[in-house]
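Participant: Please read through the structure below; I'll follow up with questions.
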Amino acid sequence: KIDAIVVSVDYNDFLEITLKNNINLINITVVTSSSDIICQEICKKYGANCIITERMYEDGAIFNKGKAINEGIKSLNNPEWILLLDADIYLLPDFLEVLKQTETPLKNLIVCKRLILDNYELFLEWLDNKDVGRLERAKGFGYFQMFNIKNFPKKSNIFPENSNDASWSDLTFRDSFKDETELNTTVLHLGQTCQNWEGRK
């Protein structure tokens, strides 16, 4: 049983593409703000759960992504495996098959390499011939982090909430695991990396 959490505020151009694809593979809960009406409409269109919160802006934070993630996790009904995905991550059709064939120890963080497609034109070219993009090895970054809920018994806030923006909390979370398991597949990263840690611009 896999539940994916996607935090998406003003990422609707990406979400329209990724959610349409990814929802066919896994259950997805999207966490957004009350002002992002378009995101809420996209979730309804594709049948994703939608959690509306302003927690990421509490205490004057620019964009505390950790708090938004935890709101998504708390909304899940009896979760087992939780997959944290960015709104610009596109899963390939072999994702579930590769997962079934991979030994995934409960105590490990499950990670995945990514193919970076810097713009929409490259994505369209990938759809046509797949021979584009820059492949980056798995580093356990927040664009794809999968873990078992049993690693966090009785803990209310699973993801770190001590960052004022979205830039470092995923590394803190990654480093809380002793070991990682890398899946033998790739995810697509649509758009440029290391952007919008303080919210979408």
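All residue names refer to the structure tokens as shown: chains lettered A, B, ... in order, residues numbered from 1 in each chain, ligands numbered from 1 in order.
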Extract, using only C-alpha atoms, all DNA, RNA and protein residues at most 10 Å from Ser156 of chain A, discarding same-chain residues fewer than 4 positions from it, and format them as a PyMOL selection string.
Facilitator: chain A and resi 70-71+73-74+152
Participant: With DSSP run on the backbone, what are the strand (DSSP E) residues within segment 4-164 of chain A? I'd like them as a PyMOL selection string.
Facilitator: chain A and resi 4-7+27-32+49-52+81-86+89-91+109-117+134-136+144-148
Participant: Write a file of the just-selected residues containing N, CA, C and O atoms, as a compact mmCIF listing (two decimals), in the first residue's frame.
Facilitator:
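Saved the output as selection-v3.txt:
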# COMPACT_ATOMS: atom_id res chain seq x y z
N ALA A 4 1.01 8.60 -1.87
CA ALA A 4 1.92 9.68 -2.23
C ALA A 4 1.41 11.02 -1.69
O ALA A 4 0.21 11.28 -1.69
N ILE A 5 2.36 11.84 -1.23
CA ILE A 5 2.06 13.20 -0.78
C ILE A 5 2.77 14.17 -1.71
O ILE A 5 3.98 14.07 -1.92
N VAL A 6 2.02 15.10 -2.27
CA VAL A 6 2.57 16.13 -3.14
C VAL A 6 2.17 17.49 -2.59
O VAL A 6 0.98 17.76 -2.41
N VAL A 7 3.15 18.33 -2.28
CA VAL A 7 2.86 19.70 -1.88
C VAL A 7 2.91 20.56 -3.14
O VAL A 7 3.93 20.58 -3.85
N ASN A 27 -2.13 6.10 -5.17
CA ASN A 27 -3.01 7.05 -4.51
C ASN A 27 -2.22 8.33 -4.22
O ASN A 27 -1.08 8.25 -3.75
N ILE A 28 -2.81 9.47 -4.48
CA ILE A 28 -2.10 10.74 -4.31
C ILE A 28 -2.93 11.71 -3.49
O ILE A 28 -4.13 11.91 -3.74
N THR A 29 -2.28 12.32 -2.50
CA THR A 29 -2.86 13.41 -1.74
C THR A 29 -2.06 14.67 -2.03
O THR A 29 -0.83 14.67 -1.87
N VAL A 30 -2.72 15.70 -2.49
CA VAL A 30 -2.08 16.98 -2.79
C VAL A 30 -2.38 17.95 -1.67
O VAL A 30 -3.53 18.12 -1.26
N VAL A 31 -1.33 18.59 -1.17
CA VAL A 31 -1.48 19.60 -0.12
C VAL A 31 -1.27 20.97 -0.76
O VAL A 31 -0.24 21.21 -1.39
N THR A 32 -2.23 21.85 -0.59
CA THR A 32 -2.13 23.16 -1.21
C THR A 32 -2.69 24.22 -0.26
O THR A 32 -3.09 23.93 0.87
N ASN A 49 -6.89 13.22 -3.65
CA ASN A 49 -7.28 13.85 -2.39
C ASN A 49 -6.64 15.23 -2.31
O ASN A 49 -5.50 15.41 -2.75
N CYS A 50 -7.33 16.18 -1.74
CA CYS A 50 -6.80 17.54 -1.66
C CYS A 50 -6.93 18.04 -0.22
O CYS A 50 -8.02 18.09 0.34
N ILE A 51 -5.80 18.39 0.38
CA ILE A 51 -5.76 18.95 1.73
C ILE A 51 -5.40 20.43 1.63
O ILE A 51 -4.39 20.79 1.03
N ILE A 52 -6.25 21.26 2.21
CA ILE A 52 -6.04 22.70 2.15
C ILE A 52 -5.59 23.19 3.52
O ILE A 52 -6.23 22.92 4.54
N TRP A 81 3.37 2.48 3.30
CA TRP A 81 4.47 3.17 2.62
C TRP A 81 4.01 4.54 2.17
O TRP A 81 2.92 4.69 1.61
N ILE A 82 4.83 5.54 2.43
CA ILE A 82 4.52 6.91 2.03
C ILE A 82 5.57 7.39 1.06
O ILE A 82 6.78 7.26 1.31
N LEU A 83 5.13 7.94 -0.05
CA LEU A 83 6.02 8.45 -1.08
C LEU A 83 5.86 9.96 -1.17
O LEU A 83 4.78 10.45 -1.48
N LEU A 84 6.93 10.68 -0.88
CA LEU A 84 6.92 12.13 -1.01
C LEU A 84 7.41 12.48 -2.41
O LEU A 84 8.53 12.13 -2.79
N LEU A 85 6.56 13.15 -3.17
CA LEU A 85 6.89 13.54 -4.53
C LEU A 85 6.74 15.05 -4.69
O LEU A 85 5.83 15.65 -4.12
N ASP A 86 7.60 15.65 -5.50
CA ASP A 86 7.40 17.04 -5.87
C ASP A 86 6.36 17.11 -6.98
O ASP A 86 6.11 16.14 -7.71
N ILE A 89 7.36 16.02 -10.64
CA ILE A 89 7.92 14.68 -10.85
C ILE A 89 6.91 13.77 -11.54
O ILE A 89 5.76 13.65 -11.11
N TYR A 90 7.37 13.13 -12.60
CA TYR A 90 6.54 12.30 -13.48
C TYR A 90 7.04 10.86 -13.39
O TYR A 90 8.19 10.58 -13.72
N LEU A 91 6.19 9.96 -12.94
CA LEU A 91 6.56 8.55 -12.79
C LEU A 91 6.46 7.82 -14.12
O LEU A 91 5.55 8.10 -14.91
N LEU A 109 15.32 4.25 3.45
CA LEU A 109 14.71 5.27 2.62
C LEU A 109 14.82 4.79 1.18
O LEU A 109 15.91 4.44 0.72
N ILE A 110 13.72 4.78 0.46
CA ILE A 110 13.71 4.35 -0.93
C ILE A 110 13.89 5.59 -1.81
O ILE A 110 13.15 6.57 -1.67
N VAL A 111 14.87 5.54 -2.70
CA VAL A 111 15.22 6.71 -3.51
C VAL A 111 15.21 6.32 -4.99
O VAL A 111 15.13 5.14 -5.34
N CYS A 112 15.32 7.33 -5.86
CA CYS A 112 15.26 7.08 -7.29
C CYS A 112 16.04 8.15 -8.05
O CYS A 112 16.00 9.33 -7.67
N LYS A 113 16.74 7.74 -9.09
CA LYS A 113 17.45 8.72 -9.92
C LYS A 113 16.43 9.49 -10.76
O LYS A 113 15.27 9.07 -10.91
N ARG A 114 16.87 10.60 -11.34
CA ARG A 114 15.94 11.41 -12.13
C ARG A 114 16.55 11.84 -13.45
O ARG A 114 17.77 12.04 -13.55
N LEU A 115 15.69 11.97 -14.44
CA LEU A 115 16.06 12.52 -15.74
C LEU A 115 15.53 13.95 -15.77
O LEU A 115 14.31 14.16 -15.68
N ILE A 116 16.43 14.91 -15.87
CA ILE A 116 16.04 16.32 -15.79
C ILE A 116 15.73 16.85 -17.18
O ILE A 116 16.58 16.82 -18.08
N LEU A 117 14.50 17.32 -17.34
CA LEU A 117 14.06 17.94 -18.59
C LEU A 117 13.78 19.41 -18.27
O LEU A 117 12.77 19.72 -17.64
N ARG A 134 19.09 15.19 -18.88
CA ARG A 134 20.31 14.92 -18.12
C ARG A 134 19.98 13.96 -16.98
O ARG A 134 19.15 14.26 -16.13
N LEU A 135 20.64 12.82 -16.97
CA LEU A 135 20.39 11.83 -15.93
C LEU A 135 21.21 12.16 -14.69
O LEU A 135 22.42 12.38 -14.78
N GLU A 136 20.56 12.19 -13.54
CA GLU A 136 21.24 12.48 -12.27
C GLU A 136 21.03 11.30 -11.32
O GLU A 136 19.91 10.84 -11.15
N PHE A 144 11.84 12.76 -4.46
CA PHE A 144 11.37 11.38 -4.36
C PHE A 144 11.95 10.76 -3.10
O PHE A 144 13.13 10.44 -3.05
N GLN A 145 11.12 10.61 -2.08
CA GLN A 145 11.54 9.96 -0.83
C GLN A 145 10.40 9.05 -0.39
O GLN A 145 9.31 9.51 -0.09
N MET A 146 10.68 7.75 -0.34
CA MET A 146 9.66 6.78 0.05
C MET A 146 10.11 6.06 1.32
O MET A 146 11.27 5.66 1.43
N PHE A 147 9.20 5.91 2.25
CA PHE A 147 9.55 5.32 3.54
C PHE A 147 8.35 4.61 4.13
O PHE A 147 7.20 4.84 3.74
N ASN A 148 8.62 3.74 5.10
CA ASN A 148 7.56 3.02 5.79
C ASN A 148 7.20 3.72 7.09
O ASN A 148 8.08 4.14 7.85
Participant: Could you jot down the atom CA of Ile23 of chain A to atom CA of Lys130 of chain A separation for me, Å, one decimal place?
Facilitator: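 Atom CA of Lys130 of chain A lies at a distance of 21.6 Å from atom CA of Ile23 of chain A.
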Participant: Report, in Å to a single decimal, how far apart atom CA of Pro160 of chain A and atom CA of Thr172 of chain A are.
Facilitator: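 Straight-line distance from atom CA of Thr172 of chain A to atom CA of Pro160 of chain A works out to 7.1 Å.
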Participant: Write out as number ranges by chain each polymer residue whose atoms come within 8 Å of Asn162 of chain A, counting only C-alpha atoms; drop sequence neighbours fewer than 5 positions from it.
Facilitator: A: 64, 66, 169
Participant: Going by DSSP on the backbone, which bits of segment 13-188 of chain A are helix (DSSP H, G or I)? Write them as JSON, numbers by chain, please.
Facilitator: {"A": [13, 14, 15, 16, 17, 18, 19, 20, 21, 22, 37, 38, 39, 40, 41, 42, 43, 44, 45, 46, 55, 56, 57, 58, 59, 60, 65, 66, 67, 68, 69, 70, 71, 72, 73, 74, 95, 96, 97, 98, 99, 100, 120, 121, 122, 123, 124, 125, 126, 127, 128, 129, 149, 150, 151, 169, 170, 171, 172, 173, 174]}
Participant: Those residues with C-alpha atoms, as a PDB file, in the first residue's frame please?
Facilitator:
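And here is the file that came out, selection30.pdb:
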ATOM      1  CA  ASP A  13       1.265  23.980 -15.012  1.00  0.00           C
ATOM      2  CA  PHE A  14       3.405  21.061 -13.803  1.00  0.00           C
ATOM      3  CA  LEU A  15       0.675  19.403 -11.744  1.00  0.00           C
ATOM      4  CA  GLU A  16      -1.681  19.246 -14.711  1.00  0.00           C
ATOM      5  CA  ILE A  17       0.873  16.992 -16.446  1.00  0.00           C
ATOM      6  CA  THR A  18       2.226  14.945 -13.535  1.00  0.00           C
ATOM      7  CA  LEU A  19      -1.010  14.296 -11.636  1.00  0.00           C
ATOM      8  CA  LYS A  20      -2.805  13.127 -14.774  1.00  0.00           C
ATOM      9  CA  ASN A  21      -0.045  10.546 -15.232  1.00  0.00           C
ATOM     10  CA  ASN A  22       0.842   9.573 -11.660  1.00  0.00           C
ATOM     11  CA  ILE A  37      -8.160  27.358  -6.440  1.00  0.00           C
ATOM     12  CA  ILE A  38      -6.731  26.014  -9.692  1.00  0.00           C
ATOM     13  CA  CYS A  39      -4.824  23.307  -7.814  1.00  0.00           C
ATOM     14  CA  GLN A  40      -7.997  22.304  -6.013  1.00  0.00           C
ATOM     15  CA  GLU A  41      -9.806  22.057  -9.355  1.00  0.00           C
ATOM     16  CA  ILE A  42      -7.021  19.923 -10.862  1.00  0.00           C
ATOM     17  CA  CYS A  43      -7.235  17.536  -7.896  1.00  0.00           C
ATOM     18  CA  LYS A  44     -10.978  17.208  -8.387  1.00  0.00           C
ATOM     19  CA  LYS A  45     -10.511  16.682 -12.129  1.00  0.00           C
ATOM     20  CA  TYR A  46      -8.136  13.737 -11.674  1.00  0.00           C
ATOM     21  CA  ARG A  55       0.461  25.778   8.036  1.00  0.00           C
ATOM     22  CA  MET A  56       3.401  26.348   5.694  1.00  0.00           C
ATOM     23  CA  TYR A  57       3.080  30.071   6.412  1.00  0.00           C
ATOM     24  CA  GLU A  58       2.812  29.827  10.205  1.00  0.00           C
ATOM     25  CA  ASP A  59       5.071  31.974  12.375  1.00  0.00           C
ATOM     26  CA  GLY A  60       6.028  34.156   9.433  1.00  0.00           C
ATOM     27  CA  LYS A  65       7.174  22.664   3.259  1.00  0.00           C
ATOM     28  CA  GLY A  66       7.695  20.269   6.168  1.00  0.00           C
ATOM     29  CA  LYS A  67       4.521  21.445   7.875  1.00  0.00           C
ATOM     30  CA  ALA A  68       2.553  20.983   4.668  1.00  0.00           C
ATOM     31  CA  ILE A  69       3.938  17.456   4.252  1.00  0.00           C
ATOM     32  CA  ASN A  70       2.959  16.546   7.797  1.00  0.00           C
ATOM     33  CA  GLU A  71      -0.585  17.786   7.215  1.00  0.00           C
ATOM     34  CA  GLY A  72      -0.746  15.460   4.221  1.00  0.00           C
ATOM     35  CA  ILE A  73       0.598  12.511   6.198  1.00  0.00           C
ATOM     36  CA  LYS A  74      -1.876  13.094   9.034  1.00  0.00           C
ATOM     37  CA  PHE A  95       7.376   2.187 -11.532  1.00  0.00           C
ATOM     38  CA  LEU A  96       5.123  -0.322  -9.779  1.00  0.00           C
ATOM     39  CA  GLU A  97       6.678  -3.325 -11.519  1.00  0.00           C
ATOM     40  CA  VAL A  98      10.186  -2.234 -10.513  1.00  0.00           C
ATOM     41  CA  LEU A  99       8.974  -1.654  -6.970  1.00  0.00           C
ATOM     42  CA  LYS A 100       7.534  -5.174  -6.782  1.00  0.00           C
ATOM     43  CA  TYR A 120       8.357  21.789 -21.753  1.00  0.00           C
ATOM     44  CA  GLU A 121       9.846  21.392 -25.228  1.00  0.00           C
ATOM     45  CA  LEU A 122      12.265  18.772 -23.898  1.00  0.00           C
ATOM     46  CA  PHE A 123       9.357  16.929 -22.285  1.00  0.00           C
ATOM     47  CA  LEU A 124       7.533  16.839 -25.609  1.00  0.00           C
ATOM     48  CA  GLU A 125      10.715  15.591 -27.261  1.00  0.00           C
ATOM     49  CA  TRP A 126      11.049  12.903 -24.571  1.00  0.00           C
ATOM     50  CA  LEU A 127       7.507  11.760 -25.295  1.00  0.00           C
ATOM     51  CA  ASP A 128       8.507  11.436 -28.943  1.00  0.00           C
ATOM     52  CA  ASN A 129      11.880   9.696 -28.742  1.00  0.00           C
ATOM     53  CA  ILE A 149       5.421   4.553   8.515  1.00  0.00           C
ATOM     54  CA  LYS A 150       6.693   1.924  10.985  1.00  0.00           C
ATOM     55  CA  ASN A 151       9.928   3.906  11.219  1.00  0.00           C
ATOM     56  CA  SER A 169      14.317  19.888   5.425  1.00  0.00           C
ATOM     57  CA  ASP A 170      14.448  17.080   2.856  1.00  0.00           C
ATOM     58  CA  LEU A 171      18.172  16.607   3.522  1.00  0.00           C
ATOM     59  CA  THR A 172      17.564  16.473   7.265  1.00  0.00           C
ATOM     60  CA  PHE A 173      14.903  13.844   6.662  1.00  0.00           C
ATOM     61  CA  ARG A 174      17.164  11.858   4.324  1.00  0.00           C
TER      62      ARG A 174
END
Participant: For Thr185 of chain A, which residue out of A:Asn12, A:Thr102, A:Asn157, A:Asn108 is the nearest one, using only C-alpha atoms?
Facilitator: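 Closest to Thr185 of chain A of all the choices is A:Thr102.
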Participant: Just how far from atom CA of Lys107 of chain A is atom CA of Asn77 of chain A, in Å to one decimal?
Facilitator: 21.0 Å
Participant: Under the rule that only C-alpha atoms are counted, which of A:Asp88, A:Glu103, A:Asp36, A:Glu180 is the nearest residue to Thr193 of chain A?
Facilitator: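 Comparing A:Asp88, A:Glu103, A:Asp36, A:Glu180 against Thr193 of chain A, the winner is A:Asp88.
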